[in-house]
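Dumped model15.cif below, it's mmCIF, C-alpha atoms:
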```
data_upload
#
loop_
_atom_site.label_atom_id
_atom_site.label_comp_id
_atom_site.auth_asym_id
_atom_site.auth_seq_id
_atom_site.Cartn_x
_atom_site.Cartn_y
_atom_site.Cartn_z
CA MET A 1 -13.97 -172.15 146.85
CA HIS A 2 -11.78 -172.77 143.82
CA TRP A 3 -13.44 -170.08 141.73
CA ALA A 4 -13.36 -167.66 144.64
CA SER A 5 -9.60 -168.12 144.84
CA VAL A 6 -9.20 -167.54 141.12
CA PHE A 7 -11.29 -164.38 141.10
CA GLY A 8 -9.56 -163.20 144.25
CA ALA A 9 -6.17 -163.60 142.62
CA ILE A 10 -7.34 -161.72 139.52
CA TRP A 11 -8.76 -158.93 141.67
CA LEU A 12 -5.54 -158.58 143.66
CA PHE A 13 -3.52 -158.52 140.44
CA HIS A 14 -5.76 -155.76 139.12
CA LEU A 15 -5.40 -153.74 142.32
CA SER A 16 -1.63 -154.06 142.16
CA GLY A 17 -1.67 -151.85 139.08
CA ALA A 18 0.60 -154.23 137.18
CA ARG A 19 0.85 -153.03 133.62
CA ALA A 20 4.16 -154.48 132.49
CA SER A 21 4.03 -156.45 129.26
CA PRO A 22 6.09 -159.63 128.88
CA ALA A 23 9.71 -158.94 127.99
CA ARG A 24 10.58 -159.71 124.41
CA THR A 25 13.45 -162.00 123.59
CA LYS A 26 16.27 -159.87 122.25
CA MET A 27 17.78 -161.16 119.03
CA TYR A 28 21.40 -160.11 118.67
CA GLY A 29 22.05 -161.17 115.08
CA LYS A 30 20.43 -158.14 113.47
CA VAL A 31 22.66 -156.47 110.90
CA PRO A 32 22.95 -153.02 112.57
CA LEU A 33 24.06 -154.53 115.87
CA VAL A 34 26.51 -156.94 114.23
CA LEU A 35 28.03 -154.13 112.16
CA THR A 36 28.33 -151.89 115.21
CA ASP A 37 29.89 -154.48 117.49
CA ALA A 38 32.23 -155.72 114.77
CA CYS A 39 33.61 -152.23 114.14
CA MET A 40 33.70 -151.51 117.86
CA GLY A 41 35.78 -154.66 118.23
CA VAL A 42 38.11 -153.58 115.41
CA PHE A 43 39.02 -150.29 117.04
CA GLY A 44 38.86 -151.53 120.59
CA ASP A 45 42.15 -153.32 119.93
CA VAL A 46 43.90 -150.19 118.62
CA THR A 47 46.13 -148.15 120.95
CA TRP A 48 44.88 -144.58 121.07
CA GLU A 49 46.23 -141.46 122.74
CA TYR A 50 43.54 -141.96 125.32
CA THR A 51 43.42 -142.59 129.03
CA SER A 52 40.53 -143.17 131.41
CA ASP A 53 40.26 -143.67 135.15
CA ALA A 54 37.10 -145.75 134.71
CA LEU A 55 37.30 -149.47 135.42
CA TYR A 56 35.48 -150.19 132.16
CA ALA A 57 35.90 -147.75 129.30
CA SER A 58 35.78 -147.85 125.52
CA PRO A 59 37.69 -145.32 123.42
CA VAL A 60 35.16 -145.54 120.57
CA CYS A 61 32.55 -144.14 122.95
CA THR A 62 34.60 -141.39 124.58
CA TYR A 63 37.45 -140.49 122.21
CA GLU A 64 36.39 -138.61 119.09
CA PRO A 65 38.97 -139.99 116.59
CA ALA A 66 38.04 -143.53 117.65
CA LEU A 67 34.32 -142.78 117.27
CA GLN A 68 34.92 -141.28 113.83
CA SER A 69 36.94 -144.34 112.82
CA MET A 70 34.15 -146.67 113.95
CA LEU A 71 31.52 -144.69 112.04
CA TYR A 72 33.63 -144.85 108.89
CA CYS A 73 34.15 -148.58 109.39
CA ILE A 74 30.39 -149.11 109.67
CA PHE A 75 29.70 -146.86 106.69
CA GLU A 76 32.17 -148.72 104.47
CA SER A 77 30.86 -152.12 105.60
CA VAL A 78 27.28 -151.05 104.84
CA LYS A 79 28.29 -150.06 101.31
CA GLU A 80 30.30 -153.24 100.71
CA LYS A 81 27.40 -155.43 101.78
CA GLY A 82 24.87 -153.53 99.69
CA TYR A 83 22.75 -152.16 102.52
CA SER A 84 21.05 -148.76 102.41
CA ASN A 85 21.64 -145.60 104.41
CA LYS A 86 18.64 -146.61 106.49
CA THR A 87 20.63 -149.58 107.79
CA PHE A 88 23.54 -147.26 108.51
CA GLU A 89 21.28 -144.94 110.50
CA LYS A 90 19.95 -147.89 112.51
CA THR A 91 23.47 -148.47 113.77
CA PHE A 92 23.32 -145.11 115.57
CA ALA A 93 20.85 -146.57 118.08
CA ALA A 94 23.11 -149.61 118.50
CA ILE A 95 26.10 -147.32 119.15
CA LYS A 96 24.14 -145.44 121.81
CA GLU A 97 23.08 -148.67 123.47
CA ASP A 98 26.59 -150.14 123.48
CA CYS A 99 28.16 -146.92 124.73
CA SER A 100 25.55 -146.42 127.45
CA TYR A 101 27.50 -148.95 129.52
CA TYR A 102 30.50 -146.60 129.51
CA THR A 103 29.20 -143.06 129.16
CA ASP A 104 26.06 -140.97 128.63
CA ALA A 105 27.86 -138.55 126.31
CA LEU A 106 26.35 -140.00 123.12
CA GLN A 107 22.77 -140.40 124.27
CA ASN A 108 21.65 -136.99 123.01
CA MET A 109 23.37 -137.26 119.63
CA THR A 110 21.06 -137.00 116.62
CA ASN A 111 21.45 -138.55 113.19
CA THR A 112 22.81 -135.22 112.01
CA ASP A 113 25.44 -135.29 114.75
CA PHE A 114 26.57 -138.78 113.71
CA TYR A 115 26.78 -137.77 110.05
CA SER A 116 28.74 -134.67 111.04
CA ALA A 117 31.21 -136.78 113.04
CA LEU A 118 31.60 -139.12 110.07
CA HIS A 119 32.16 -136.21 107.67
CA ASN A 120 34.73 -134.53 109.91
CA GLY A 121 36.56 -137.79 110.47
CA THR A 122 36.68 -138.60 106.76
CA LYS A 123 38.56 -135.36 106.07
CA HIS A 124 41.40 -136.43 108.38
CA MET A 125 41.28 -140.19 107.78
CA MET A 126 44.55 -142.12 107.46
CA GLN A 127 45.22 -145.77 106.67
CA TYR A 128 46.00 -147.84 109.74
CA VAL A 129 49.42 -149.46 109.89
CA GLU A 130 49.75 -152.38 112.27
CA GLY A 131 51.88 -151.47 115.24
CA ASN A 132 50.98 -147.79 115.27
CA ALA A 133 50.30 -146.58 118.80
CA ASN A 134 49.06 -143.49 120.63
CA LEU A 135 46.93 -142.48 117.68
CA THR A 136 45.36 -139.03 117.72
CA TYR A 137 43.59 -139.11 114.34
CA PRO A 138 40.84 -141.23 112.75
CA ILE A 139 42.03 -144.31 110.88
CA GLU A 140 40.72 -146.56 108.13
CA MET A 141 40.91 -150.32 108.62
CA ASP A 142 41.36 -152.57 105.60
CA ALA A 143 38.33 -154.38 104.19
CA GLN A 144 39.56 -157.88 105.05
CA THR A 145 39.96 -157.04 108.73
CA ARG A 146 36.48 -155.54 108.82
CA GLU A 147 35.06 -158.65 107.17
CA ASN A 148 36.84 -160.97 109.60
CA TYR A 149 35.39 -159.14 112.58
CA TYR A 150 31.94 -159.10 111.01
CA TYR A 151 32.11 -162.86 110.44
CA SER A 152 33.21 -163.41 114.03
CA TYR A 153 30.42 -161.38 115.62
CA HIS A 154 27.82 -162.68 113.19
CA GLY A 155 28.68 -166.26 114.14
CA PHE A 156 28.68 -165.49 117.85
CA TYR A 157 25.28 -163.80 117.78
CA ALA A 158 23.76 -166.26 115.32
CA ASN A 159 24.63 -169.12 117.66
CA TYR A 160 22.88 -167.36 120.53
CA ASP A 161 19.82 -166.41 118.48
CA ILE A 162 19.29 -169.81 116.90
CA GLY A 163 18.95 -171.33 120.35
CA HIS A 164 15.75 -169.31 120.78
CA THR A 165 14.53 -170.52 117.39
CA TYR A 166 15.25 -174.13 118.30
CA GLY A 167 13.47 -173.69 121.63
CA GLY A 168 10.46 -172.35 119.76
CA VAL A 169 10.51 -175.35 117.43
CA ILE A 170 10.45 -177.73 120.42
CA CYS A 171 7.42 -175.89 121.80
CA ALA A 172 5.81 -175.93 118.34
CA TYR A 173 6.43 -179.68 118.11
CA PHE A 174 4.30 -180.35 121.17
CA VAL A 175 1.72 -177.79 120.07
CA GLY A 176 1.44 -179.73 116.82
CA VAL A 177 0.99 -182.97 118.75
CA MET A 178 -1.80 -181.38 120.79
CA ILE A 179 -3.50 -180.05 117.65
CA LEU A 180 -3.46 -183.47 115.99
CA ALA A 181 -4.73 -185.07 119.19
CA GLY A 182 -7.50 -182.47 119.34
CA ILE A 183 -8.56 -183.23 115.77
CA PHE A 184 -8.83 -186.94 116.51
CA HIS A 185 -10.58 -186.18 119.78
CA TYR A 186 -13.15 -184.11 117.92
CA MET A 187 -13.84 -187.08 115.65
CA ASN A 188 -15.32 -188.88 118.65
CA TYR A 189 -18.35 -186.64 118.21
CA THR A 190 -18.75 -187.24 114.47
CA PRO A 191 -19.84 -190.22 112.35
CA PHE A 192 -16.49 -190.04 110.60
CA LYS A 193 -14.81 -191.88 113.49
CA THR A 194 -16.79 -195.09 112.93
CA ALA A 195 -15.98 -195.12 109.23
CA LEU A 196 -12.33 -194.32 109.88
CA PHE A 197 -11.83 -197.07 112.45
CA LYS A 198 -13.23 -199.64 110.02
CA GLN A 199 -10.28 -199.07 107.72
CA ARG A 200 -7.80 -201.92 107.81
CA LEU A 201 -4.74 -199.66 107.95
CA VAL A 202 -6.19 -197.66 110.85
CA ARG A 203 -7.04 -200.83 112.79
CA TYR A 204 -3.51 -202.11 112.21
CA ALA A 205 -1.98 -198.84 113.40
CA ARG A 206 -4.14 -198.79 116.52
CA GLY A 207 -3.42 -202.43 117.29
CA TYR A 208 0.34 -202.29 116.85
CA LEU A 209 1.32 -198.64 117.19
CA THR A 210 -0.94 -196.35 119.19
CA LEU A 211 -2.57 -198.56 121.83
CA PRO A 212 0.05 -201.12 122.99
CA THR A 213 2.67 -200.10 125.52
CA ILE A 214 6.37 -200.52 124.96
CA TRP A 215 6.15 -203.30 127.53
CA GLY A 216 3.89 -204.07 130.48
CA LYS A 217 0.73 -202.07 131.11
CA HIS A 218 0.14 -198.47 130.10
CA ALA A 219 1.08 -195.92 132.76
CA SER A 220 2.54 -198.63 134.99
CA HIS A 221 5.07 -197.16 137.35
CA PHE A 222 8.67 -198.24 136.90
CA SER A 223 11.83 -197.51 138.80
CA SER A 224 15.47 -198.12 137.96
CA LEU A 225 17.76 -198.30 141.00
CA LYS A 226 15.13 -196.18 142.78
CA VAL A 227 16.53 -193.16 140.97
CA LEU A 228 15.09 -193.01 137.45
CA THR A 229 11.33 -193.29 137.87
CA GLY A 230 8.37 -192.78 135.57
CA TYR A 231 5.42 -194.31 133.76
CA LEU A 232 5.44 -196.76 130.87
CA PRO A 233 4.26 -195.04 127.68
CA THR A 234 2.33 -196.48 124.78
CA ARG A 235 4.28 -197.05 121.60
CA PHE A 236 2.76 -193.92 120.11
CA GLU A 237 3.71 -191.85 123.14
CA GLY A 238 7.16 -193.39 122.88
CA ILE A 239 7.39 -192.25 119.26
CA ILE A 240 6.41 -188.70 120.29
CA ILE A 241 9.06 -188.71 123.01
CA LEU A 242 11.64 -190.20 120.63
CA GLY A 243 10.87 -187.50 118.06
CA TYR A 244 11.37 -184.86 120.72
CA LEU A 245 14.67 -186.41 121.84
CA VAL A 246 15.96 -186.50 118.26
CA LEU A 247 14.99 -182.85 117.75
CA HIS A 248 16.62 -181.84 121.00
CA THR A 249 19.85 -183.71 120.26
CA VAL A 250 20.15 -182.17 116.79
CA PHE A 251 19.40 -178.69 118.10
CA LEU A 252 21.99 -178.97 120.85
CA ALA A 253 24.74 -180.41 118.65
CA TYR A 254 24.25 -178.83 115.22
CA GLY A 255 24.77 -175.44 113.60
CA TYR A 256 27.70 -173.84 115.42
CA GLN A 257 29.62 -171.24 113.40
CA TYR A 258 33.12 -170.96 114.80
CA ASP A 259 35.55 -168.13 114.17
CA PRO A 260 38.82 -169.36 112.61
CA TYR A 261 40.53 -166.07 113.53
CA ASN A 262 39.73 -166.17 117.28
CA LEU A 263 38.99 -162.45 117.29
CA ILE A 264 36.40 -162.47 120.08
CA PHE A 265 37.79 -165.39 122.06
CA SER A 266 41.46 -166.22 122.40
CA SER A 267 41.19 -169.88 121.39
CA ARG A 268 38.93 -172.42 119.71
CA ARG A 269 38.22 -174.23 122.98
CA GLU A 270 36.98 -170.99 124.55
CA GLN A 271 34.61 -170.60 121.62
CA VAL A 272 33.32 -174.15 122.01
CA ALA A 273 32.79 -173.72 125.74
CA ARG A 274 30.95 -170.41 125.37
CA TYR A 275 28.85 -171.44 122.37
CA VAL A 276 27.74 -174.70 123.99
CA ALA A 277 27.03 -172.87 127.26
CA ASP A 278 24.85 -170.31 125.48
CA ARG A 279 22.97 -172.86 123.36
CA SER A 280 22.28 -175.27 126.22
CA GLY A 281 21.24 -172.46 128.56
CA VAL A 282 18.71 -171.08 126.08
CA LEU A 283 17.32 -174.55 125.34
CA ALA A 284 17.00 -175.31 129.06
CA PHE A 285 14.92 -172.22 129.66
CA ALA A 286 12.80 -172.87 126.55
CA HIS A 287 11.47 -176.05 128.20
CA PHE A 288 9.95 -174.20 131.13
CA PRO A 289 6.57 -173.22 129.58
CA LEU A 290 5.88 -176.80 128.49
CA ILE A 291 6.98 -178.25 131.83
CA ALA A 292 4.66 -175.90 133.71
CA LEU A 293 1.78 -176.44 131.28
CA PHE A 294 1.95 -180.24 131.33
CA ALA A 295 2.28 -180.54 135.11
CA GLY A 296 -1.22 -179.47 136.12
CA ARG A 297 -4.10 -181.86 136.61
CA ASN A 298 -7.31 -181.03 134.72
CA ASN A 299 -5.58 -178.45 132.56
CA PHE A 300 -7.42 -177.13 129.54
CA LEU A 301 -5.30 -179.18 127.13
CA GLU A 302 -6.84 -182.38 128.50
CA PHE A 303 -10.30 -181.20 127.48
CA ILE A 304 -9.18 -179.87 124.09
CA SER A 305 -6.92 -182.73 123.02
CA GLY A 306 -8.40 -185.68 124.88
CA VAL A 307 -4.88 -186.65 125.99
CA LYS A 308 -4.90 -188.32 129.39
CA TYR A 309 -3.26 -186.86 132.46
CA THR A 310 -0.82 -189.79 132.65
CA SER A 311 0.42 -188.91 129.15
CA PHE A 312 0.97 -185.29 130.14
CA ILE A 313 2.94 -186.44 133.18
CA MET A 314 5.13 -188.61 130.94
CA PHE A 315 5.84 -185.66 128.65
CA HIS A 316 6.39 -183.47 131.70
CA LYS A 317 8.97 -185.84 133.14
CA TRP A 318 10.91 -186.21 129.90
CA LEU A 319 10.92 -182.46 129.35
CA GLY A 320 12.18 -182.02 132.90
CA ARG A 321 14.96 -184.56 132.38
CA MET A 322 16.17 -182.84 129.24
CA MET A 323 15.91 -179.43 130.86
CA PHE A 324 18.11 -180.73 133.67
CA LEU A 325 20.55 -182.16 131.12
CA ASP A 326 20.69 -178.82 129.30
CA ALA A 327 21.22 -176.95 132.55
CA THR A 328 24.00 -179.34 133.56
CA ILE A 329 25.75 -178.92 130.20
CA HIS A 330 25.29 -175.16 130.49
CA GLY A 331 26.87 -175.10 133.94
CA ALA A 332 29.77 -177.36 132.97
CA ALA A 333 30.49 -175.47 129.74
CA TYR A 334 30.29 -172.07 131.40
CA THR A 335 32.57 -173.25 134.21
CA SER A 336 35.03 -174.45 131.58
CA TYR A 337 34.77 -171.09 129.82
CA ALA A 338 35.41 -169.22 133.09
CA VAL A 339 38.49 -171.36 133.73
CA PHE A 340 39.81 -170.73 130.20
CA TYR A 341 39.08 -167.02 130.61
CA ARG A 342 40.78 -167.04 134.03
CA ASP A 343 37.63 -165.63 135.56
CA TRP A 344 36.67 -168.61 137.72
CA GLN A 345 37.57 -167.11 141.10
CA ALA A 346 35.55 -163.96 140.46
CA SER A 347 32.62 -165.70 138.73
CA LYS A 348 31.91 -168.17 141.50
CA GLU A 349 31.38 -165.29 143.93
CA GLU A 350 28.67 -163.73 141.75
CA THR A 351 25.07 -164.05 142.95
CA TYR A 352 23.81 -165.39 139.61
CA TRP A 353 26.43 -168.14 139.72
CA GLN A 354 25.53 -169.23 143.24
CA PHE A 355 21.80 -169.17 142.49
CA GLY A 356 22.44 -171.19 139.34
CA VAL A 357 24.28 -173.90 141.27
CA ALA A 358 21.53 -174.02 143.90
CA ALA A 359 18.80 -174.23 141.23
CA LEU A 360 20.64 -177.00 139.39
CA CYS A 361 20.96 -179.06 142.57
CA LEU A 362 17.28 -178.56 143.37
CA VAL A 363 16.17 -179.57 139.88
CA GLY A 364 18.43 -182.62 140.07
CA VAL A 365 16.68 -183.77 143.25
CA MET A 366 13.29 -183.27 141.61
CA VAL A 367 14.27 -185.15 138.45
CA PHE A 368 15.84 -188.17 140.12
CA PHE A 369 13.92 -188.58 143.35
CA LEU A 370 10.40 -187.20 142.80
#
```
What is this structure when it is put down as structure tokens?
Amino acid sequence: MHWASVFGAIWLFHLSGARASPARTKMYGKVPLVLTDACMGVFGDVTWEYTSDALYASPVCTYEPALQSMLYCIFESVKEKGYSNKTFEKTFAAIKEDCSYYTDALQNMTNTDFYSALHNGTKHMMQYVEGNANLTYPIEMDAQTRENYYYSYHGFYANYDIGHTYGGVICAYFVGVMILAGIFHYMNYTPFKTALFKQRLVRYARGYLTLPTIWGKHASHFSSLKVLTGYLPTRFEGIIILGYLVLHTVFLAYGYQYDPYNLIFSSRREQVARYVADRSGVLAFAHFPLIALFAGRNNFLEFISGVKYTSFIMFHKWLGRMMFLDATIHGAAYTSYAVFYRDWQASKEETYWQFGVAALCLVGVMVFFL
């Protein structure tokens, strides 16, 4: 019956014609995108002789002098940082992607068209003077301003990207644990195990580190105030969990690059709220594959690693607790950011916000009461 269900599911999936490949995680800290967004930010704050009836509009995407100024900004930044023309040309795709949210006018532009716009703008380029308004010509921004914006966007995107890296490291940590467990499990079928277990150091480690529980009996159920429930781990399982908790704490708290100029966000506290919200949200989602993998009984990892089901459940519960903690921090930090940004009233009406609150409440019930 079980195998019939499996094959039936596979057959139905095949009939559905599903061909979509898994979506790749987009990394925002790539140089072409950072250069593009930094220069777009530079000239987004300039007052141009430009009007638009659209709710959301960007002059660098729809007003030629602004576009020429942005291209020159990117070109100069590429030269200053020692990148090649190939990097400069990669920014054309980033410009198209960014501007696609405002207009389709640039989607058919070729590399030749972008170079032509840069060349034409360079012939009429003038140095920007702070306070100038209603500009009708392309302008050159000073190198320090360009560098400040680049630093700001680089830090913002690097913070977001490194969350994915840290999530991958957490997954790799448990993969490494399973590999080591699998190696020792394989030794059960070799003469090497007998010789190894005769070693005094190995016997000591097994007697005081790997086999005993922290207290009580292994996998004994415990409950604190009928809220925090779980199973008692061995000391070795406790060390694995402790190592994971240390990794998680460091990854959540370390490596933020804040912008001293507040060019993207209006204050330092807005930066902190947004950066923590992004990092914790990415880390929360990174736990999901491990939580799902460790939850099943008789999963293939039990046969490969020799790790018992009770151990997987312990790992599953701790991963779930930390995922809930990350999600809670994400929600609190993003709420704080919305309040700082004066967007709270509009944000709480969004579908994603309401679904997020509902999901957090549901996960909280599962973590504390199941």
| task | Can you give me, as a VMD selection string, the residues this file yields under the PyMOL selection byres ((chain A and resi 256) around 9)? | result | chain A and resid 155 to 156 158 to 159 253 to 255 257 to 258 272 275 to 276
| Quick one: which residues end up in the PyMOL selection byres ((chain A and resi 44) around 8) for this structure, as a list in words? |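 After applying the PyMOL selection byres ((chain A and resi 44) around 8), what remains is Met40, Gly41, Val42, Phe43, Asp45, Val46, Ser58, Pro59 and Val60 of chain A.
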| message | Taking the file as I've supplied it (selection: the PyMOL selection byres ((chain A and resi 285) around 12)), which residues are included? Please answer as number ranges by chain. | response | A: 25, 163-164, 166-168, 170-171, 278-284, 286-292, 319-320, 322-327, 330
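We find CA of Gly364 in chain A and CA of Ile240 in chain A to be spaced 23.9 Å apart.
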| task | Can you work out which one of A:Cys361, A:Ile95, A:Leu245, A:Ile313 has the shortest atom-to-atom distance to Arg297 in chain A, counting only C-alpha atoms? | result |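 The shortest atom-to-atom distance to Arg297 in chain A comes from A:Ile313.
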| request: Using all atoms listed in the file, collect all residues at a distance of at most 10 Å from (23.3, -140.6, 119.2) as written in the file, then present them as a count of residues only. | output: 20
| With distances taken over all atoms listed in the file, which of A:Cys39, A:Val177, A:Leu118, A:Val365 is nearest to Arg146 in chain A? |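 Smallest separation from Arg146 in chain A among the options: A:Cys39.
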| request: Give me, please, the distance in Å between CA of Phe340 in chain A and CA of His248 in chain A, quoted to one decimal. | output: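 These atoms are spaced 27.3 Å apart.
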| task | Do a neighbour search on range 26-38 of chain A at 8 Å with all atoms listed in the file, toss out local chain neighbours closer than 6 positions, and write the hits as a ChimeraX atom specification. | result | /A:70,74,77-78,87-88,90-91,94-95,146,149-150,152-154,157-158,160-161
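Each of A:Thr103, A:Gln127, A:Thr190, A:Ser336 was checked against Arg274 in chain A using all atoms listed in the file; the smallest atom-to-atom distance is that of A:Ser336.
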| said: One decimal, in Å: what's the spacing between CA of Gly82 in chain A and CA of Phe265 in chain A? | reply: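 Distance between the two atoms: 28.4 Å.
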| request: Excluding Ala143 in chain A and any residue of its chain fewer than 6 positions from it, enumerate the residues within 10 Å of it, using all atoms listed in the file, and give them as a PyMOL selection string. | output: chain A and resi 73+76-77+80
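If all atoms listed in the file are the atoms counted, then among A:Phe369, A:Tyr341, A:Trp353, A:Tyr189 the closest residue to Gln271 in chain A is A:Tyr341.
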| task | Could you tell me which of A:Lys81, A:His124, A:His119, A:His185 comes closest to Glu147 in chain A if we count all atoms listed in the file? | result | A:Lys81
| query | In terms of the shortest atom-to-atom distance over all atoms listed in the file, which of A:Phe174, A:Tyr102, A:Phe368, A:Phe312 is closest to Leu247 in chain A? | reply |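 Counting all atoms listed in the file, the residue closest to Leu247 in chain A is A:Phe174.
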